[in-house]
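Student: Sharing a structure here in structure tokens format.
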Amino acid sequence: TLCDADFPVTGMTCAACSGRVARALGKLPGVADVSVNLATHRASLRYDPARLVPSKILSTVTEAGYGAEPES
Ligand code: 9UX
């Protein structure tokens, strides 16, 4: 069963920013689908919780150079 995550991403100011975040998230194991919305400053994805822990999602965003806030 896949889980949904949807959370704010700070620091994205152009389309290349959102592309970087989407690419980094899309490379994680267990990620089925990703979209990053520059206008709303949010990332949403579907992932397999057996393969990916939520903290890894957030750390991937921060390691890419942007900010991620956990939000249910
Ligand atoms: Mo655009 Mo984002 O020139 O880190 S790539 S601002």
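Numbering starts fresh at 1 for the residues of each chain in the structure tokens, the chains themselves are lettered A, B, ... in the order given, and ligands are numbered from 1 as they appear.
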Would you list the residues that come within 7 Å of ligand 1? Count only C-alpha atoms and all ligand atoms and give the answer as a PDB file with N, CA and C atoms, in the first residue's frame.
Tutor:
ATOM      1  N   MET A  12      12.357  27.657  -3.072  1.00  0.00           N
ATOM      2  CA  MET A  12      12.281  27.449  -4.522  1.00  0.00           C
ATOM      3  C   MET A  12      11.804  28.743  -5.184  1.00  0.00           C
ATOM      4  N   THR A  13      12.659  29.306  -6.045  1.00  0.00           N
ATOM      5  CA  THR A  13      12.283  30.569  -6.674  1.00  0.00           C
ATOM      6  C   THR A  13      12.221  30.508  -8.193  1.00  0.00           C
ATOM      7  N   CYS A  14      12.635  29.433  -8.796  1.00  0.00           N
ATOM      8  CA  CYS A  14      12.483  29.319 -10.247  1.00  0.00           C
ATOM      9  C   CYS A  14      12.188  27.874 -10.615  1.00  0.00           C
ATOM     10  N   ALA A  15      11.868  27.658 -11.887  1.00  0.00           N
ATOM     11  CA  ALA A  15      11.452  26.314 -12.299  1.00  0.00           C
ATOM     12  C   ALA A  15      12.584  25.302 -12.182  1.00  0.00           C
ATOM     13  N   ALA A  16      13.826  25.771 -12.272  1.00  0.00           N
ATOM     14  CA  ALA A  16      14.930  24.829 -12.100  1.00  0.00           C
ATOM     15  C   ALA A  16      15.005  24.342 -10.663  1.00  0.00           C
ATOM     16  N   CYS A  17      14.615  25.186  -9.732  1.00  0.00           N
ATOM     17  CA  CYS A  17      14.570  24.764  -8.323  1.00  0.00           C
ATOM     18  C   CYS A  17      13.590  23.609  -8.150  1.00  0.00           C
TER      19      CYS A  17
END
Student: Mind checking DSSP for chain A and telling me the strand (DSSP E or B) residues as a list in words?
Tutor: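 Residues meeting the strand (DSSP E or B) criterion: Cys3, Asp4, Ala5, Asp6, Phe7, Pro8, Val9, Thr10, Val31, Ala32, Asp33, Val34, Ser35, Val36, Asn37, Arg42, Ala43, Ser44, Leu45, Arg46, Tyr47, Gly67 and Ala68 of chain A.
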Student: Let me see the file: selected residues, C-alpha atoms, as an mmCIF file, in the first residue's frame.
Tutor:
data_model
loop_
_atom_site.group_PDB
_atom_site.id
_atom_site.type_symbol
_atom_site.label_atom_id
_atom_site.label_comp_id
_atom_site.auth_asym_id
_atom_site.auth_seq_id
_atom_site.Cartn_x
_atom_site.Cartn_y
_atom_site.Cartn_z
ATOM 1 C CA CYS A 3 1.343 6.455 1.247
ATOM 2 C CA ASP A 4 0.839 10.040 0.217
ATOM 3 C CA ALA A 5 3.029 12.879 1.407
ATOM 4 C CA ASP A 6 2.341 16.536 0.760
ATOM 5 C CA PHE A 7 4.421 19.218 2.431
ATOM 6 C CA PRO A 8 5.760 22.738 1.975
ATOM 7 C CA VAL A 9 9.172 23.289 0.417
ATOM 8 C CA THR A 10 10.898 26.600 1.056
ATOM 9 C CA VAL A 31 8.884 6.611 -4.759
ATOM 10 C CA ALA A 32 6.095 5.955 -7.224
ATOM 11 C CA ASP A 33 5.132 9.451 -8.259
ATOM 12 C CA VAL A 34 6.339 12.961 -7.492
ATOM 13 C CA SER A 35 5.178 16.431 -8.286
ATOM 14 C CA VAL A 36 6.668 19.673 -7.077
ATOM 15 C CA ASN A 37 4.650 22.827 -7.497
ATOM 16 C CA ARG A 42 4.645 22.239 -2.145
ATOM 17 C CA ALA A 43 5.877 18.779 -2.949
ATOM 18 C CA SER A 44 3.591 15.795 -3.154
ATOM 19 C CA LEU A 45 4.510 12.209 -3.676
ATOM 20 C CA ARG A 46 3.354 8.650 -3.378
ATOM 21 C CA TYR A 47 5.746 6.203 -1.821
ATOM 22 C CA GLY A 67 13.781 23.623 3.164
ATOM 23 C CA ALA A 68 11.162 21.006 4.037
#
Student: Figure out the distance between atom CA of A:Pro49 and atom CA of A:Val21, please, to one decimal in Å.
Tutor: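 One can read the atom CA of A:Val21 to atom CA of A:Pro49 distance as 19.7 Å.
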Student: Smallest atom-to-atom distance to A:Thr40: which of A:Arg20, A:Leu25, A:Thr62, A:Gly11, using only C-alpha atoms?
Tutor: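 Between A:Arg20, A:Leu25, A:Thr62, A:Gly11, the residue approaching A:Thr40 most closely is A:Gly11.
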Student: When distances are computed from only C-alpha atoms, which of A:Pro29, A:Ala24, A:Gly65, A:Thr1 shows the smallest separation from A:Leu52?
Tutor: A:Pro29
Student: Run DSSP on the backbone and tell me which residues of stretch 14-65 of chain A come out as alpha helix (DSSP H); list them as a tab-separated table (two decimals) with C-alpha atoms, in the first residue's frame.
Tutor:
chain	number	residue	atom	x	y	z
A	15	ALA	CA	11.45	26.31	-12.30
A	16	ALA	CA	14.93	24.83	-12.10
A	17	CYS	CA	14.57	24.76	-8.32
A	18	SER	CA	11.38	22.74	-8.43
A	19	GLY	CA	12.95	20.51	-11.07
A	20	ARG	CA	15.88	19.79	-8.80
A	21	VAL	CA	13.64	18.89	-5.90
A	22	ALA	CA	11.46	16.67	-8.07
A	23	ARG	CA	14.47	14.90	-9.52
A	24	ALA	CA	16.06	14.29	-6.11
A	25	LEU	CA	12.82	12.90	-4.69
A	26	GLY	CA	12.16	10.81	-7.78
A	54	PRO	CA	9.36	9.89	5.80
A	55	SER	CA	12.41	11.45	7.44
A	56	LYS	CA	14.42	10.47	4.36
A	57	ILE	CA	12.02	12.44	2.18
A	58	LEU	CA	12.63	15.56	4.21
A	59	SER	CA	16.40	15.10	4.43
A	60	THR	CA	16.58	14.64	0.67
A	61	VAL	CA	14.97	18.03	0.17
A	62	THR	CA	17.30	19.74	2.63
A	63	GLU	CA	20.36	18.03	1.14
